[in-house]
Number of protein chains: 2
Amino acid sequence: MKVTKRAKQPDFAAYRDRIRQAGLRSTQARVAILERLHQASGPMTHAQVAEELENRGFDKTTIYRSLVELAEARILSRMELGDHVWRYELRDSGDKRQDDHLHFVCVDCGRIECLEGTSAQAALAPSIKRAATGTISDVLLKGHCRQCE
Amino acid sequence: MKVTKRAKQPDFAAYRDRIRQAGLRSTQARVAILERLHQASGPMTHAQVAEELENRGFDKTTIYRSLVELAEARILSRMELGDHVWRYELRDSGDKRQDDHLHFVCVDCGRIECLEGTSAQAALAPSIKRAATGTISDVLLKGHCRQCE
DNA sequence: ATGTAAATGCATGTTACTTGCAGGTGTAAT
DNA sequence: ATTACACCTGCAAGTAACATGCATTTACAT
């Protein structure tokens with residue numbers, strides 16, 4: 001499995017456009033958040049983003065609020081991986097399907113892995129989709145990673 | 001609390017044995033917890049169990065601690081279904097495989113469904129198991145239930 | 001350049017646990 | 001049955017991760 005590593009440089013102008021297209025104002029805090037998440041190799045917690053950006057003069061509450069707003073605007077995705085902490089990840093604007101990739105979380109060490117390119121639908125056996133009492137949109141896998149098993 | 005006379009009654013003696021076999025003392029609070037979870041149709045939160053048992057004279061902290069201890073003793077299973085709240089469920093002592101059934105949670109109404117009889121392994125497409133970087137032991141499905149979709 | 005609605009920063013509140021400790025209780029050994 | 005003592009309980013206080021209220025500041029359409 002290959003961990004996300006974005007090669008492209010952050011494109012500030014593009015971030016500002018995306019924020020505005022969502023009906024939000026393009027503020028320094030929001031651009032800084034997108035920039036930071038762009039460089040992350042996986043989802044980041046509220047606290048991780050806030051701690052880093054506090055050093056650059058942003059308030060923790062602003063970061064918290066902006067993350068929620070950006071997630072509501074579907075610029076970020078917000079997820080809960082079993083440890084009672086929200087994590088945020090930049091959505092790829094281009095490819096819609098790339099957004100709903102799976103996450104695997106190691107219940108020992110807490111490491112998160114993104115299984116890019118695999119949609120929730122493709123991951124499930126057909127029998128499960130028939131058995132489910134609704135529409136499955138998201139799948140979270142838990143287990144032990146190679147280092148921990 | 002009403003107990004049906006005919007159908008499967010909770011077996012207090014069996015609960016006491018199971019608690020003691022785990023190296024724990026069989027206390028009223030712990031037996032009451034197992035009894036309550038036995039009658040539940042799905043996983044219950046800390047708060048749900050605590051609120052009910054507080055009326056019967058048990059302290060909330062005791063319930064919290066007992067739930068954690070019983071889960072550590074593998075008499076209960078402890079799960080997080082995406083809303084930042086722990087839920088507990090009685091494990092069936094007999095059938096090992098019955099323990100790892102799937103859960104489906106509706107992201108709209110929060111309803112939890114147990115997909116009994118379907119193991120995590122059977123739910124996944126073969127391709128996913130090859131792609132994963134470790135051993136998958138648990139799968140959580142999220143989506144919209146029939147009422148909400 | 002300017003008005004105004006949106007965003008921010010600081011303080012405070014909330015939820016869901018988590019921990020510390022004095023006193024009570026279940027168990028094994030007498 | 002009694003006793004000893006580690007384990008468990010109840011109460012209070014603490015903590016982590018947000019959530020909210022409000023006065024001030026800022027983005028951006030005009």
# chains A, B, ... in the order shown; residues from 1 in each chain; ligands from 1
>>> closest_atom_pairs(of="chain D", to="stretch 13-28 of chain C", cutoff="9 Å", atoms="only C-alpha atoms (C1' of nucleotides)", output="Markdown table")
| residue | atom | partner | partner_atom | distance |
| --- | --- | --- | --- | --- |
| D:DC7 | C1' | C:DG26 | C1' | 8.1 |
| D:DC8 | C1' | C:DT25 | C1' | 7.1 |
| D:DT9 | C1' | C:DG24 | C1' | 7.2 |
| D:DA13 | C1' | C:DG20 | C1' | 8.5 |
| D:DG14 | C1' | C:DT19 | C1' | 7.2 |
| D:DT15 | C1' | C:DT18 | C1' | 7.2 |
| D:DA16 | C1' | C:DC17 | C1' | 8.9 |
| D:DC18 | C1' | C:DT14 | C1' | 8.6 |
| D:DA19 | C1' | C:DT14 | C1' | 7.2 |
| D:DT20 | C1' | C:DG13 | C1' | 7.3 |
>>> calpha_fit_rmsd(fixed="chain B", moving="chain A")
3.9 Å
>>> select_by_dssp(residues="chain A", states="strand (DSSP E)", output="PyMOL selection string")
chain A and resi 44-45+76-80+86-90+101-106+112-119+134-145
>>> select_by_dssp(residues="stretch 9-132 of chain B", states="helix (DSSP H, G or I)", output="number ranges by chain")
B: 12-21, 28-39, 46-55, 60-72, 96-100, 120-123, 126-131
>>> closest_residue(among="A:Pro126, A:Gly42, A:Gly23, A:Gly110", to="chain C", atoms="only C-alpha atoms (C1' of nucleotides)")
A:Gly23
>>> interface_residues(of="chain A", to="chain C", cutoff="8 Å", atoms="only C-alpha atoms (C1' of nucleotides)", output="list in words")
Arg25, Asp59, Thr61 and Thr62 of chain A
>>> write_last_selection(atoms="N, CA and C atoms", output="compact mmCIF listing (two decimals), in the first residue's frame")
# COMPACT_ATOMS: atom_id res chain seq x y z
N ARG A 25 -15.29 33.19 2.68
CA ARG A 25 -14.27 34.20 2.42
C ARG A 25 -12.89 33.58 2.52
N ASP A 59 -5.30 31.63 15.98
CA ASP A 59 -5.94 31.18 17.21
C ASP A 59 -6.48 29.77 17.05
N THR A 61 -9.14 28.38 18.29
CA THR A 61 -10.57 28.32 18.00
C THR A 61 -10.85 28.58 16.53
N THR A 62 -10.12 29.51 15.97
CA THR A 62 -10.30 29.81 14.55
C THR A 62 -9.98 28.58 13.71
>>> atom_distance(atom1="atom CA of A:Ser77", atom2="atom CA of A:Glu89")
5.3 Å
>>> residues_around(residues="A:Gln28", least_positions_apart="2", cutoff="12 Å", atoms="only C-alpha atoms (C1' of nucleotides)", output="ChimeraX atom specification")
/A:12,15-16,19,25-26,30-35,53,56-59,62-63,66 /C:7-8 /D:26-27
>>> write_last_selection(atoms="C-alpha atoms (C1' of nucleotides)", output="tab-separated table (two decimals), in the first residue's frame")
chain	number	residue	atom	x	y	z
A	12	PHE	CA	-2.38	29.43	-3.14
A	15	TYR	CA	-7.01	27.44	-2.72
A	16	ARG	CA	-8.42	30.94	-2.58
A	19	ILE	CA	-12.73	28.60	-0.76
A	25	ARG	CA	-14.27	34.20	2.42
A	26	SER	CA	-10.67	33.48	1.63
A	30	ARG	CA	-8.21	28.97	5.82
A	31	VAL	CA	-5.50	29.15	3.20
A	32	ALA	CA	-2.91	28.15	5.80
A	33	ILE	CA	-5.03	25.14	6.75
A	34	LEU	CA	-5.35	23.95	3.17
A	35	GLU	CA	-1.66	24.49	2.63
A	53	LEU	CA	-0.71	27.07	13.12
A	56	ARG	CA	2.21	31.17	13.17
A	57	GLY	CA	-0.15	33.44	15.07
A	58	PHE	CA	-3.51	31.81	14.41
A	59	ASP	CA	-5.94	31.18	17.21
A	62	THR	CA	-10.30	29.81	14.55
A	63	ILE	CA	-8.56	26.67	13.34
A	66	SER	CA	-12.35	26.74	9.97
C	7	DA	C1'	-14.62	35.83	10.31
C	8	DT	C1'	-11.68	36.13	14.31
D	26	DT	C1'	-11.35	41.80	8.21
D	27	DA	C1'	-12.66	40.53	3.38
>>> closest_atom_pairs(of="chain A", to="chain B", cutoff="10 Å", atoms="only C-alpha atoms", output="JSON lines")
{"residue": "A:Met1", "atom": "CA", "partner": "B:Thr133", "partner_atom": "CA", "distance": 6.1}
{"residue": "A:Lys2", "atom": "CA", "partner": "B:Thr133", "partner_atom": "CA", "distance": 9.3}
{"residue": "A:Met79", "atom": "CA", "partner": "B:Gly82", "partner_atom": "CA", "distance": 7.8}
{"residue": "A:Glu80", "atom": "CA", "partner": "B:Gly82", "partner_atom": "CA", "distance": 5.4}
{"residue": "A:Leu81", "atom": "CA", "partner": "B:Gly82", "partner_atom": "CA", "distance": 7.2}
{"residue": "A:Gly82", "atom": "CA", "partner": "B:Glu80", "partner_atom": "CA", "distance": 5.3}
{"residue": "A:Asp83", "atom": "CA", "partner": "B:Glu80", "partner_atom": "CA", "distance": 7.6}
{"residue": "A:His84", "atom": "CA", "partner": "B:His84", "partner_atom": "CA", "distance": 4.7}
{"residue": "A:Val85", "atom": "CA", "partner": "B:His84", "partner_atom": "CA", "distance": 7.3}
{"residue": "A:Trp86", "atom": "CA", "partner": "B:His84", "partner_atom": "CA", "distance": 8.7}
{"residue": "A:Leu102", "atom": "CA", "partner": "B:Ile128", "partner_atom": "CA", "distance": 9.7}
{"residue": "A:His103", "atom": "CA", "partner": "B:Ala132", "partner_atom": "CA", "distance": 9.8}
{"residue": "A:Phe104", "atom": "CA", "partner": "B:Ala132", "partner_atom": "CA", "distance": 7.7}
{"residue": "A:Val105", "atom": "CA", "partner": "B:Ile136", "partner_atom": "CA", "distance": 9.2}
{"residue": "A:Cys106", "atom": "CA", "partner": "B:Gly134", "partner_atom": "CA", "distance": 8.3}
{"residue": "A:Val107", "atom": "CA", "partner": "B:Ser137", "partner_atom": "CA", "distance": 9.4}
{"residue": "A:Glu113", "atom": "CA", "partner": "B:Thr133", "partner_atom": "CA", "distance": 8.4}
{"residue": "A:Cys114", "atom": "CA", "partner": "B:Ala132", "partner_atom": "CA", "distance": 9.7}
{"residue": "A:Leu115", "atom": "CA", "partner": "B:Ala132", "partner_atom": "CA", "distance": 7.6}
{"residue": "A:Thr118", "atom": "CA", "partner": "B:Ile128", "partner_atom": "CA", "distance": 8.1}
{"residue": "A:Ala120", "atom": "CA", "partner": "B:Leu141", "partner_atom": "CA", "distance": 9.0}
{"residue": "A:Gln121", "atom": "CA", "partner": "B:Ala125", "partner_atom": "CA", "distance": 9.5}
{"residue": "A:Ala122", "atom": "CA", "partner": "B:Ala125", "partner_atom": "CA", "distance": 7.2}
{"residue": "A:Ala123", "atom": "CA", "partner": "B:Ala125", "partner_atom": "CA", "distance": 5.1}
{"residue": "A:Leu124", "atom": "CA", "partner": "B:Leu124", "partner_atom": "CA", "distance": 4.5}
{"residue": "A:Ala125", "atom": "CA", "partner": "B:Ala125", "partner_atom": "CA", "distance": 4.6}
{"residue": "A:Pro126", "atom": "CA", "partner": "B:Ala125", "partner_atom": "CA", "distance": 8.0}
{"residue": "A:Ser127", "atom": "CA", "partner": "B:Ala123", "partner_atom": "CA", "distance": 7.3}
{"residue": "A:Ile128", "atom": "CA", "partner": "B:Ala123", "partner_atom": "CA", "distance": 5.6}
{"residue": "A:Lys129", "atom": "CA", "partner": "B:Ala123", "partner_atom": "CA", "distance": 8.8}
{"residue": "A:Ala131", "atom": "CA", "partner": "B:Leu115", "partner_atom": "CA", "distance": 7.8}
{"residue": "A:Ala132", "atom": "CA", "partner": "B:Leu115", "partner_atom": "CA", "distance": 7.6}
{"residue": "A:Thr133", "atom": "CA", "partner": "B:Cys145", "partner_atom": "CA", "distance": 5.9}
{"residue": "A:Gly134", "atom": "CA", "partner": "B:Cys145", "partner_atom": "CA", "distance": 4.0}
{"residue": "A:Thr135", "atom": "CA", "partner": "B:His144", "partner_atom": "CA", "distance": 5.2}
{"residue": "A:Ile136", "atom": "CA", "partner": "B:Gly143", "partner_atom": "CA", "distance": 4.3}
{"residue": "A:Ser137", "atom": "CA", "partner": "B:Gly143", "partner_atom": "CA", "distance": 4.7}
{"residue": "A:Asp138", "atom": "CA", "partner": "B:Lys142", "partner_atom": "CA", "distance": 4.9}
{"residue": "A:Val139", "atom": "CA", "partner": "B:Leu141", "partner_atom": "CA", "distance": 4.7}
{"residue": "A:Leu140", "atom": "CA", "partner": "B:Leu140", "partner_atom": "CA", "distance": 5.0}
{"residue": "A:Leu141", "atom": "CA", "partner": "B:Val139", "partner_atom": "CA", "distance": 4.7}
{"residue": "A:Lys142", "atom": "CA", "partner": "B:Asp138", "partner_atom": "CA", "distance": 4.9}
{"residue": "A:Gly143", "atom": "CA", "partner": "B:Ile136", "partner_atom": "CA", "distance": 4.3}
{"residue": "A:His144", "atom": "CA", "partner": "B:Thr135", "partner_atom": "CA", "distance": 5.2}
{"residue": "A:Cys145", "atom": "CA", "partner": "B:Gly134", "partner_atom": "CA", "distance": 4.1}
{"residue": "A:Arg146", "atom": "CA", "partner": "B:Gly134", "partner_atom": "CA", "distance": 4.8}
{"residue": "A:Gln147", "atom": "CA", "partner": "B:Gly134", "partner_atom": "CA", "distance": 8.3}
{"residue": "A:Cys148", "atom": "CA", "partner": "B:Gly134", "partner_atom": "CA", "distance": 8.5}
{"residue": "A:Glu149", "atom": "CA", "partner": "B:Gly134", "partner_atom": "CA", "distance": 7.3}
>>> atom_distance(atom1="atom CA of A:Val68", atom2="atom CA of A:Arg20")
15.8 Å
>>> atom_distance(atom1="atom CA of B:His101", atom2="atom CA of B:Arg74")
15.0 Å
